[in-house]
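One structure is given below, encoded as structure tokens.
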Amino acid sequence: MVMEKKNKNIGLGVRAPEKTCKDRNCPFHGTIKTHGRIFTGIVISSKAQKTVTVKIKRLKYFNKYERYGKKRTIIHAHNPECIDAKKGDVVKIMETRPISKIKNFVVIERVGHQEVKEESYEAVEKEMKAEKEPAKEEKGR
Ligand SMILES: [Zn+2]
């Protein structure tokens, strides 16, 4: 007799994926527990196995300029087989225990899809460097 493995309800108002998987690092079918922060971002790379690179836009307050500037952050998140997010997908990711050296987030829901321009890790990194300081005009005073 085989027990039907049910989707775990992880709360948070998140839809459980239709597919099931045997990934033990899956928040729905595995043993991993999520806690902490939730971000919504866009997948810029899904080349690595079961890992997605997610770009998150956020606002940061710059004391020097007394205003908010746009910042981007790149987070590597675990991509469970049942969700299988692809490049361009808008995903919700949630903090969890460290899964590997660089991963301590896991994809919990696929929200939508967006066209991604030729955007590589390097390109975004460059962008991030350029956005360190929101204004450059005040130089030379
Ligand atoms: Zn799963």
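Ordering of the structure tokens sets the chain letters (A, B, ...); residue numbers start at 1 within each chain; ligands are numbered from 1 in the order shown.
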As a PDB file with C-alpha atoms, in the first residue's frame, please: every protein or nucleic acid residue near ligand 1 (cut-off 10 Å, counting only C-alpha atoms and all ligand atoms).
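Result went into result_19.pdb, see below:
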```
ATOM      1  CA  ASN A   7       1.188  18.730  -0.306  1.00  0.00           C
ATOM      2  CA  LYS A   8       2.176  20.369   2.897  1.00  0.00           C
ATOM      3  CA  ALA A  16       0.992  24.746  -3.486  1.00  0.00           C
ATOM      4  CA  PRO A  17       2.429  23.556  -6.798  1.00  0.00           C
ATOM      5  CA  GLU A  18       0.395  21.060  -8.847  1.00  0.00           C
ATOM      6  CA  LYS A  19       3.308  18.731  -9.342  1.00  0.00           C
ATOM      7  CA  THR A  20       4.964  16.770  -6.589  1.00  0.00           C
ATOM      8  CA  CYS A  21       8.623  16.074  -6.165  1.00  0.00           C
ATOM      9  CA  LYS A  22      11.066  14.098  -4.119  1.00  0.00           C
ATOM     10  CA  ASP A  23      13.309  17.019  -3.364  1.00  0.00           C
ATOM     11  CA  ARG A  24      14.061  17.012   0.326  1.00  0.00           C
ATOM     12  CA  ASN A  25      14.840  20.706   0.148  1.00  0.00           C
ATOM     13  CA  CYS A  26      11.350  21.437  -1.145  1.00  0.00           C
ATOM     14  CA  PRO A  27       9.166  23.429   1.253  1.00  0.00           C
ATOM     15  CA  PHE A  28       6.051  21.500   0.145  1.00  0.00           C
ATOM     16  CA  HIS A  29       7.294  17.926  -0.219  1.00  0.00           C
ATOM     17  CA  GLY A  30      10.512  17.910   1.703  1.00  0.00           C
ATOM     18  CA  ASN A  79      14.445  25.900  -7.066  1.00  0.00           C
ATOM     19  CA  PRO A  80      12.402  22.796  -6.161  1.00  0.00           C
ATOM     20  CA  GLU A  81      11.546  20.420  -9.019  1.00  0.00           C
ATOM     21  CA  CYS A  82       7.814  20.904  -8.528  1.00  0.00           C
ATOM     22  CA  ILE A  83       8.083  24.652  -9.076  1.00  0.00           C
ATOM     23  CA  ASP A  84      10.858  24.596 -11.660  1.00  0.00           C
ATOM     24  CA  ILE A 108       7.924  29.177  -2.722  1.00  0.00           C
TER      25      ILE A 108
END
```
Wanna dump the range 71-130 of chain A-range 53-56 of chain A contacts at 10 Å for me, each residue with its shortest atom pair and the distance in Å to one decimal, counting only C-alpha atoms, ordered by chain and number, as a tab-separated table?
```
residue	atom	partner	partner_atom	distance
A:Lys71	CA	A:Ile56	CA	8.3
A:Arg72	CA	A:Ile56	CA	5.6
A:Thr73	CA	A:Ile56	CA	5.1
A:Ile74	CA	A:Lys55	CA	4.7
A:Ile75	CA	A:Val54	CA	5.2
A:His76	CA	A:Thr53	CA	4.6
A:Ala77	CA	A:Thr53	CA	6.4
A:His78	CA	A:Thr53	CA	8.9
A:Asn79	CA	A:Thr53	CA	9.5
A:Lys86	CA	A:Thr53	CA	9.9
A:Lys87	CA	A:Thr53	CA	8.7
A:Gly88	CA	A:Val54	CA	9.5
A:Asp89	CA	A:Val54	CA	9.3
A:Val90	CA	A:Val54	CA	8.7
A:Val91	CA	A:Val54	CA	8.1
A:Lys92	CA	A:Val54	CA	9.5
A:Ile93	CA	A:Val54	CA	8.7
A:Lys103	CA	A:Thr53	CA	9.8
A:Val107	CA	A:Val54	CA	9.6
A:Ser120	CA	A:Thr53	CA	9.9
A:Tyr121	CA	A:Thr53	CA	8.3
A:Val124	CA	A:Lys55	CA	8.3
```
Dump as a PDB file, in the first residue's frame, selection limited to C-alpha atoms:
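The resulting file, out.pdb, is reproduced below:
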```pdb
ATOM      1  CA  LYS A  71      19.093  49.273  -5.445  1.00  0.00           C
ATOM      2  CA  ARG A  72      19.252  45.776  -6.791  1.00  0.00           C
ATOM      3  CA  THR A  73      20.216  42.666  -4.953  1.00  0.00           C
ATOM      4  CA  ILE A  74      21.006  39.254  -6.324  1.00  0.00           C
ATOM      5  CA  ILE A  75      19.986  36.239  -4.313  1.00  0.00           C
ATOM      6  CA  HIS A  76      20.601  32.597  -5.113  1.00  0.00           C
ATOM      7  CA  ALA A  77      17.606  30.494  -4.192  1.00  0.00           C
ATOM      8  CA  HIS A  78      16.807  26.812  -4.246  1.00  0.00           C
ATOM      9  CA  ASN A  79      14.445  25.900  -7.066  1.00  0.00           C
ATOM     10  CA  LYS A  86      12.692  29.456 -15.470  1.00  0.00           C
ATOM     11  CA  LYS A  87      14.472  32.597 -16.553  1.00  0.00           C
ATOM     12  CA  GLY A  88      12.025  35.483 -16.600  1.00  0.00           C
ATOM     13  CA  ASP A  89       9.671  34.065 -14.011  1.00  0.00           C
ATOM     14  CA  VAL A  90       8.578  36.322 -11.203  1.00  0.00           C
ATOM     15  CA  VAL A  91       8.960  34.322  -8.031  1.00  0.00           C
ATOM     16  CA  LYS A  92       8.398  34.626  -4.341  1.00  0.00           C
ATOM     17  CA  ILE A  93      11.354  33.425  -2.324  1.00  0.00           C
ATOM     18  CA  LYS A 103      21.817  29.421  -0.867  1.00  0.00           C
ATOM     19  CA  VAL A 107      11.403  29.528  -4.183  1.00  0.00           C
ATOM     20  CA  SER A 120      23.523  38.246 -17.138  1.00  0.00           C
ATOM     21  CA  TYR A 121      24.861  38.186 -13.659  1.00  0.00           C
ATOM     22  CA  VAL A 124      23.347  43.302 -13.133  1.00  0.00           C
TER      23      VAL A 124
END
```
**Asked** Can you tell me how far CA of Arg37 in chain A sits from CA of Phe105 in chain A, in Å to one decimal?
**Response**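 Between CA of Arg37 in chain A and CA of Phe105 in chain A the gap is 9.1 Å.
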**Request:** Show which residues sit within 7 Å of Asn104 in chain A, as a ChimeraX atom specification. Count only C-alpha atoms, and ignore same-chain residues fewer than 6 positions away.
**Result:** /A:77,95-98
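Interatomic distance, CA of Val43 in chain A to CA of Tyr61 in chain A: 25.0 Å.
Here CA of Ile42 in chain A stands at a distance of 19.5 Å from CA of Leu12 in chain A.
Of the listed residues A:Lys126, A:Lys33, A:Lys60, A:Arg110, the one whose atoms come nearest to Asn9 in chain A is A:Lys33, with distances taken using only C-alpha atoms.
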**Request:** Check the smallest atom-to-atom distance from each of A:His35, A:Met94, A:Ala85, A:Lys70 to Val52 in chain A using only C-alpha atoms, then report the winner.
**Result:**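 With only C-alpha atoms as the atom set, the closest residue is A:Ala85.
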**Per-residue DSSP, chain A, filtered to strand (DSSP E), as a PyMOL selection string** = chain A and resi 34-45+51-62+67-78+89-96+105-113
Got time to write the residues from that selection, N, CA and C atoms, as a short mmCIF file (atom, residue, chain, number, x, y, z; two decimals), in the first residue's frame?
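Written file, out.cif:
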```
data_model
loop_
_atom_site.label_atom_id
_atom_site.label_comp_id
_atom_site.auth_asym_id
_atom_site.auth_seq_id
_atom_site.Cartn_x
_atom_site.Cartn_y
_atom_site.Cartn_z
N THR A 34 10.54 26.99 6.24
CA THR A 34 10.85 28.36 5.88
C THR A 34 10.54 29.29 7.04
N HIS A 35 11.30 30.32 7.11
CA HIS A 35 11.10 31.32 8.16
C HIS A 35 11.79 32.59 7.71
N GLY A 36 11.39 33.68 8.27
CA GLY A 36 12.12 34.91 7.99
C GLY A 36 11.54 35.72 6.85
N ARG A 37 12.43 36.30 6.08
CA ARG A 37 12.02 37.29 5.10
C ARG A 37 11.49 36.66 3.81
N ILE A 38 10.57 37.37 3.18
CA ILE A 38 10.06 36.96 1.88
C ILE A 38 10.35 38.08 0.88
N PHE A 39 10.84 37.73 -0.28
CA PHE A 39 11.06 38.71 -1.33
C PHE A 39 10.39 38.25 -2.61
N THR A 40 10.02 39.21 -3.43
CA THR A 40 9.54 38.88 -4.77
C THR A 40 10.55 39.45 -5.76
N GLY A 41 10.98 38.62 -6.66
CA GLY A 41 11.98 39.07 -7.62
C GLY A 41 11.84 38.33 -8.92
N ILE A 42 12.74 38.67 -9.84
CA ILE A 42 12.67 38.06 -11.17
C ILE A 42 13.88 37.15 -11.37
N VAL A 43 13.61 35.99 -11.94
CA VAL A 43 14.68 35.02 -12.17
C VAL A 43 15.51 35.49 -13.36
N ILE A 44 16.80 35.68 -13.14
CA ILE A 44 17.64 36.09 -14.26
C ILE A 44 18.49 34.94 -14.77
N SER A 45 18.56 33.87 -14.01
CA SER A 45 19.30 32.71 -14.51
C SER A 45 18.79 31.45 -13.84
N THR A 51 18.81 25.58 -8.86
CA THR A 51 19.14 26.87 -8.27
C THR A 51 18.73 27.96 -9.25
N VAL A 52 18.14 29.00 -8.73
CA VAL A 52 17.86 30.15 -9.57
C VAL A 52 18.54 31.38 -8.99
N THR A 53 18.90 32.28 -9.88
CA THR A 53 19.44 33.55 -9.47
C THR A 53 18.32 34.57 -9.60
N VAL A 54 18.01 35.22 -8.51
CA VAL A 54 16.85 36.12 -8.48
C VAL A 54 17.32 37.54 -8.23
N LYS A 55 16.79 38.43 -9.04
CA LYS A 55 17.12 39.84 -8.86
C LYS A 55 15.98 40.51 -8.13
N ILE A 56 16.32 41.22 -7.08
CA ILE A 56 15.30 41.89 -6.28
C ILE A 56 15.55 43.39 -6.30
N LYS A 57 14.48 44.11 -6.58
CA LYS A 57 14.60 45.57 -6.55
C LYS A 57 14.15 46.05 -5.20
N ARG A 58 14.88 46.98 -4.65
CA ARG A 58 14.45 47.54 -3.39
C ARG A 58 14.85 49.00 -3.33
N LEU A 59 14.32 49.69 -2.36
CA LEU A 59 14.65 51.09 -2.19
C LEU A 59 15.57 51.21 -0.99
N LYS A 60 16.57 52.04 -1.14
CA LYS A 60 17.47 52.24 -0.02
C LYS A 60 17.55 53.73 0.26
N TYR A 61 17.58 54.05 1.52
CA TYR A 61 17.66 55.47 1.88
C TYR A 61 19.11 55.90 1.94
N PHE A 62 19.42 56.96 1.25
CA PHE A 62 20.79 57.48 1.27
C PHE A 62 20.82 58.71 2.16
N ARG A 67 17.35 61.05 0.30
CA ARG A 67 16.29 60.52 -0.57
C ARG A 67 16.52 59.04 -0.80
N TYR A 68 15.51 58.45 -1.41
CA TYR A 68 15.61 57.02 -1.69
C TYR A 68 16.22 56.80 -3.07
N GLY A 69 17.01 55.79 -3.18
CA GLY A 69 17.56 55.41 -4.47
C GLY A 69 17.24 53.96 -4.73
N LYS A 70 17.22 53.60 -5.99
CA LYS A 70 16.93 52.21 -6.33
C LYS A 70 18.18 51.36 -6.15
N LYS A 71 17.98 50.20 -5.59
CA LYS A 71 19.09 49.27 -5.45
C LYS A 71 18.62 47.91 -5.93
N ARG A 72 19.57 47.14 -6.39
CA ARG A 72 19.25 45.78 -6.79
C ARG A 72 20.07 44.81 -5.97
N THR A 73 19.50 43.69 -5.68
CA THR A 73 20.22 42.67 -4.95
C THR A 73 20.06 41.35 -5.71
N ILE A 74 21.09 40.57 -5.69
CA ILE A 74 21.01 39.25 -6.32
C ILE A 74 21.03 38.20 -5.23
N ILE A 75 20.06 37.31 -5.30
CA ILE A 75 19.99 36.24 -4.31
C ILE A 75 19.92 34.90 -5.05
N HIS A 76 20.69 33.95 -4.58
CA HIS A 76 20.60 32.60 -5.11
C HIS A 76 19.59 31.84 -4.26
N ALA A 77 18.64 31.21 -4.92
CA ALA A 77 17.61 30.49 -4.19
C ALA A 77 17.46 29.08 -4.73
N HIS A 78 17.06 28.19 -3.84
CA HIS A 78 16.81 26.81 -4.25
C HIS A 78 15.53 26.75 -5.06
N ASP A 89 10.79 34.26 -14.93
CA ASP A 89 9.67 34.06 -14.01
C ASP A 89 9.78 35.01 -12.82
N VAL A 90 8.63 35.53 -12.42
CA VAL A 90 8.58 36.32 -11.20
C VAL A 90 8.26 35.36 -10.07
N VAL A 91 9.13 35.31 -9.09
CA VAL A 91 8.96 34.32 -8.03
C VAL A 91 8.99 34.96 -6.65
N LYS A 92 8.34 34.25 -5.74
CA LYS A 92 8.40 34.63 -4.34
C LYS A 92 9.43 33.70 -3.70
N ILE A 93 10.37 34.27 -3.00
CA ILE A 93 11.35 33.42 -2.32
C ILE A 93 11.33 33.71 -0.84
N MET A 94 11.63 32.70 -0.07
CA MET A 94 11.59 32.86 1.37
C MET A 94 12.86 32.32 2.00
N GLU A 95 13.24 32.95 3.07
CA GLU A 95 14.44 32.58 3.78
C GLU A 95 14.28 31.20 4.43
N THR A 96 15.35 30.47 4.47
CA THR A 96 15.33 29.16 5.10
C THR A 96 16.72 28.88 5.67
N PHE A 105 17.84 30.68 0.60
CA PHE A 105 16.49 31.03 0.22
C PHE A 105 15.91 29.90 -0.62
N VAL A 106 14.60 29.80 -0.63
CA VAL A 106 13.96 28.79 -1.46
C VAL A 106 12.76 29.42 -2.18
N VAL A 107 12.54 29.02 -3.41
CA VAL A 107 11.40 29.53 -4.18
C VAL A 107 10.14 28.90 -3.63
N ILE A 108 9.16 29.74 -3.28
CA ILE A 108 7.92 29.18 -2.72
C ILE A 108 6.74 29.34 -3.68
N GLU A 109 6.84 30.24 -4.62
CA GLU A 109 5.72 30.39 -5.54
C GLU A 109 6.16 31.09 -6.81
N ARG A 110 5.52 30.66 -7.92
CA ARG A 110 5.75 31.36 -9.17
C ARG A 110 4.58 32.30 -9.37
N VAL A 111 4.85 33.59 -9.45
CA VAL A 111 3.78 34.57 -9.48
C VAL A 111 3.41 34.94 -10.90
N GLY A 112 4.38 35.05 -11.77
CA GLY A 112 4.09 35.46 -13.14
C GLY A 112 5.31 35.32 -14.01
N HIS A 113 5.23 35.96 -15.15
CA HIS A 113 6.36 35.88 -16.07
C HIS A 113 6.59 37.25 -16.70
#
```
